[in-house]
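Engineer: Structure: query-v9.tsv, TSV, C-alpha atoms.
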```tsv
chain	number	residue	atom	x	y	z
A	25	ALA	CA	-7.44	-23.35	-16.31
A	26	ALA	CA	-8.40	-20.10	-14.55
A	27	ARG	CA	-8.04	-21.71	-11.12
A	28	ASP	CA	-4.62	-23.06	-12.06
A	29	PHE	CA	-3.56	-19.63	-13.32
A	30	ALA	CA	-4.66	-18.04	-10.04
A	31	GLN	CA	-2.83	-20.65	-7.99
A	32	GLN	CA	0.38	-20.05	-9.95
A	33	HIS	CA	0.11	-16.26	-9.74
A	34	ASP	CA	-0.79	-15.72	-6.08
A	35	ASP	CA	1.18	-13.28	-3.96
A	36	GLY	CA	3.39	-11.93	-6.74
A	37	GLN	CA	4.51	-15.27	-8.15
A	38	ARG	CA	5.53	-15.39	-11.82
A	39	PRO	CA	5.42	-11.63	-12.49
A	40	GLU	CA	6.54	-12.26	-16.07
A	41	ASP	CA	2.98	-13.45	-16.79
A	42	LEU	CA	1.22	-10.31	-15.51
A	43	PRO	CA	0.54	-8.94	-19.01
A	44	ASN	CA	-1.32	-12.21	-19.76
A	45	ALA	CA	-3.71	-11.91	-16.82
A	46	ASP	CA	-7.34	-10.94	-17.37
A	47	VAL	CA	-7.24	-9.16	-14.00
A	48	ILE	CA	-4.38	-8.07	-11.76
A	49	ILE	CA	-5.17	-7.33	-8.13
A	50	ILE	CA	-2.69	-5.31	-6.14
A	51	GLY	CA	-2.81	-4.03	-2.60
A	52	MET	CA	-1.42	-3.94	0.88
A	53	SER	CA	-1.16	-7.04	3.02
A	54	ARG	CA	-4.49	-8.37	4.38
A	55	THR	CA	-6.76	-6.34	2.08
A	56	GLY	CA	-8.30	-9.46	0.50
A	57	LYS	CA	-6.25	-9.97	-2.64
A	58	THR	CA	-6.08	-13.77	-2.54
A	59	PRO	CA	-9.74	-14.42	-1.66
A	60	LEU	CA	-10.87	-12.01	-4.37
A	61	MET	CA	-8.55	-13.66	-6.87
A	62	HIS	CA	-10.07	-17.08	-6.17
A	63	VAL	CA	-13.66	-15.82	-6.48
A	64	LEU	CA	-12.86	-14.21	-9.84
A	65	ALA	CA	-11.13	-17.38	-11.04
A	66	GLU	CA	-14.43	-19.20	-10.49
A	67	TYR	CA	-15.84	-16.92	-13.20
A	68	GLY	CA	-13.15	-18.10	-15.60
A	69	LEU	CA	-10.87	-15.09	-15.27
A	70	ARG	CA	-7.10	-15.54	-15.22
A	71	VAL	CA	-6.22	-13.51	-12.14
A	72	ALA	CA	-2.89	-12.62	-10.59
A	73	ASN	CA	-2.27	-10.70	-7.40
A	74	VAL	CA	0.71	-8.63	-6.37
A	75	PRO	CA	1.36	-7.49	-2.82
A	76	LEU	CA	2.45	-3.90	-2.31
A	77	VAL	CA	5.23	-4.20	0.25
A	78	PRO	CA	6.82	-1.16	1.91
A	79	GLY	CA	10.26	-0.51	0.46
A	80	VAL	CA	9.85	-3.04	-2.37
A	81	PRO	CA	8.96	-1.67	-5.81
A	82	PRO	CA	6.21	-3.47	-7.72
A	83	PRO	CA	7.45	-5.70	-10.55
A	84	GLU	CA	8.11	-3.85	-13.79
A	85	GLN	CA	5.76	-6.22	-15.64
A	86	LEU	CA	2.84	-4.67	-13.74
A	87	PHE	CA	3.33	-1.49	-15.74
A	88	LEU	CA	3.35	-3.43	-19.05
A	89	ALA	CA	-0.12	-4.87	-18.44
A	90	ASP	CA	-3.32	-3.23	-19.65
A	91	PRO	CA	-3.94	-0.62	-16.93
A	92	LYS	CA	-7.70	-1.09	-17.20
A	93	ARG	CA	-7.23	-4.64	-15.87
A	94	VAL	CA	-5.43	-3.53	-12.70
A	95	PHE	CA	-7.49	-3.25	-9.53
A	96	VAL	CA	-6.04	-1.76	-6.36
A	97	LEU	CA	-7.44	-2.88	-3.03
A	98	LYS	CA	-7.16	-0.42	-0.19
A	99	MET	CA	-8.62	-0.08	3.27
A	100	GLN	CA	-8.85	2.53	6.01
A	101	PRO	CA	-5.82	2.17	8.30
A	102	GLU	CA	-7.81	1.53	11.48
A	103	ARG	CA	-9.77	-1.34	9.93
A	104	LEU	CA	-6.65	-2.82	8.34
A	105	ARG	CA	-4.85	-2.65	11.67
A	106	LEU	CA	-7.62	-4.69	13.33
A	107	ILE	CA	-7.46	-7.35	10.61
A	108	ARG	CA	-3.69	-7.52	10.85
A	109	MET	CA	-3.84	-7.78	14.65
A	110	GLN	CA	-6.21	-10.74	14.34
A	111	TRP	CA	-3.84	-12.35	11.85
A	112	LEU	CA	-0.81	-11.84	14.11
A	113	SER	CA	-2.76	-13.23	17.05
A	114	LYS	CA	-3.39	-16.44	15.07
A	115	LEU	CA	0.35	-16.63	14.40
A	116	GLY	CA	1.19	-16.03	18.06
A	117	VAL	CA	2.96	-12.73	17.37
A	118	GLY	CA	2.61	-9.78	19.73
A	119	ALA	CA	0.61	-6.65	18.93
A	120	ASP	CA	3.74	-4.49	19.18
A	121	ASP	CA	4.92	-5.70	15.77
A	122	PRO	CA	5.51	-2.89	13.22
A	123	TYR	CA	3.10	-4.70	10.89
A	124	VAL	CA	0.21	-3.37	13.00
A	125	ASP	CA	1.59	0.08	13.79
A	126	LEU	CA	-1.08	2.56	12.73
A	127	ARG	CA	1.44	5.16	11.56
A	128	ALA	CA	3.24	2.56	9.45
A	129	ILE	CA	-0.05	1.41	7.93
A	130	ALA	CA	-1.00	5.02	7.14
A	131	ALA	CA	2.39	5.49	5.48
A	132	GLU	CA	1.82	2.32	3.43
A	133	LEU	CA	-1.54	3.69	2.32
A	134	ARG	CA	0.03	7.00	1.27
A	135	THR	CA	2.55	5.07	-0.82
A	136	VAL	CA	-0.26	3.13	-2.48
A	137	GLU	CA	-2.16	6.35	-3.17
A	138	THR	CA	0.95	7.88	-4.75
A	139	LEU	CA	1.34	4.82	-6.97
A	140	VAL	CA	-2.32	5.03	-7.97
A	141	SER	CA	-2.06	8.74	-8.78
A	142	SER	CA	0.75	7.87	-11.20
A	143	ASN	CA	-1.45	5.24	-12.85
A	144	PRO	CA	-4.84	6.91	-13.35
A	145	HIS	CA	-6.42	4.01	-15.29
A	146	TRP	CA	-6.08	1.62	-12.38
A	147	ARG	CA	-9.35	1.11	-10.53
A	148	VAL	CA	-9.40	1.41	-6.76
A	149	ILE	CA	-11.70	-0.69	-4.60
A	150	ASP	CA	-12.04	0.33	-0.97
A	151	MET	CA	-12.36	-2.90	1.01
A	152	THR	CA	-12.98	-1.19	4.37
A	153	LYS	CA	-16.67	-2.14	4.48
A	154	ARG	CA	-16.93	-4.34	1.40
A	155	ALA	CA	-17.29	-8.10	1.21
A	156	ILE	CA	-15.15	-10.07	-1.21
A	157	GLU	CA	-18.26	-10.92	-3.25
A	158	GLU	CA	-19.12	-7.23	-3.60
A	159	ALA	CA	-15.62	-6.47	-4.82
A	160	ALA	CA	-15.86	-9.36	-7.27
A	161	GLY	CA	-19.10	-7.91	-8.61
A	162	GLU	CA	-17.40	-4.56	-9.13
A	163	VAL	CA	-14.51	-6.15	-11.03
A	164	LEU	CA	-16.91	-8.19	-13.15
A	165	GLN	CA	-18.77	-5.00	-14.12
A	166	PHE	CA	-15.58	-3.79	-15.76
A	167	VAL	CA	-14.12	-6.95	-17.28
A	168	GLY	CA	-17.07	-9.38	-17.40
A	169	PRO	CA	-16.94	-13.13	-16.81
A	170	VAL	CA	-15.30	-15.48	-19.26
A	171	ALA	CA	-17.42	-18.23	-20.80
A	172	ILE	CA	-16.46	-21.45	-19.04
```
As a first step, turn the structure in this file into structure tokens.

Structural biologist:
Amino acid sequence: AARDFAQQHDDGQRPEDLPNADVIIIGMSRTGKTPLMHVLAEYGLRVANVPLVPGVPPPEQLFLADPKRVFVLKMQPERLRLIRMQWLSKLGVGADDPYVDLRAIAAELRTVETLVSSNPHWRVIDMTKRAIEEAAGEVLQFVGPVAI
């Protein structure tokens, strides 16, 4: 059931269900939201993830959920740029795309930090040098696994 929930709530799908999630992961593109969601689902947690997209406000339902169940993934701009460049390369897109512009990424991060400062109960996980499994361990410390 947890795996099905995760599958149905990946990448901002079905925002009306966010208050029903055990964990909500939000963050910028390529910070590891989907892989982390799937690892946590293996522990029986109903996990949803919501991308933070420049110029697009997060769904209102995010703010109705228990703030202690919201985890924000962030990453240093330089590291995130490298990951995004690798992703674009796989897609055959040039490195001059705004998606990998360091100034744009830094602006995205500032927007995320502003959102977090307005929601002080959200927990921030810096993914710059952290493996998905380490982040999962951190989330599990706060919410614990569900008996499967």

Engineer: Using Å and a single decimal, report how far atom CA of Ala130 of chain A sits from atom CA of Arg105 of chain A.

Structural biologist: 9.7 Å

Engineer: A:Pro122, A:Asn73, A:Leu42, A:Trp146: which is nearest Gln85 of chain A, counting only C-alpha atoms?

Structural biologist: A:Leu42

Engineer: Mind giving me the straight-line distance from atom CA of Asp46 of chain A to atom CA of Ile107 of chain A in Å, one decimal?

Structural biologist: 28.2 Å

Engineer: If we count all atoms listed in the file and set the cut-off at 10 Å, which residues sit around segment 53-69 of chain A, ignoring sequence neighbours fewer than 4 positions away in its own chain? Please answer as a VMD selection string.

Structural biologist: chain A and resid 25 to 31 33 to 35 45 to 49 73 to 78 95 to 100 103 to 105 107 to 108 111 123 129 132 150 to 152 155 to 161 163 to 164 167 to 172

Engineer: Do you have the atom CA of Ala128 of chain A-atom CA of Pro81 of chain A distance handy?

Structural biologist: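 Between atom CA of Ala128 of chain A and atom CA of Pro81 of chain A the gap works out to 16.8 Å.
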
Engineer: For Thr135 of chain A, which of A:Ala119, A:Leu112, A:Val80, A:Val71 is the closest residue, counting all atoms listed in the file?

Structural biologist: A:Val80

Engineer: So, with all atoms listed in the file as the atoms that count, which of A:Pro83, A:Pro101, A:Gly116, A:Pro91 lies closest to Gly36 of chain A?

Structural biologist: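 Using all atoms listed in the file, the shortest distance to Gly36 of chain A belongs to A:Pro83.
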
Engineer: Using only C-alpha atoms for the distances, tell me which of A:Lys153, A:Glu162, A:Gly79, A:Gly51 is nearest to Leu133 of chain A.

Structural biologist: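 For Leu133 of chain A, the nearest of the given residues is A:Gly51.
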
Engineer: Hey, which of A:Met52, A:Asp41, A:Arg154, A:Val136 ends up closest to Leu88 of chain A? Count all atoms listed in the file.

Structural biologist: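 Among the listed residues, A:Asp41 lies closest to Leu88 of chain A.
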
Engineer: Between A:Asp90, A:Glu137, A:Glu84, A:Asp121, single out the one closest to Arg38 of chain A, counting all atoms listed in the file.

Structural biologist: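 The answer is A:Glu84, which sits nearest to Arg38 of chain A.
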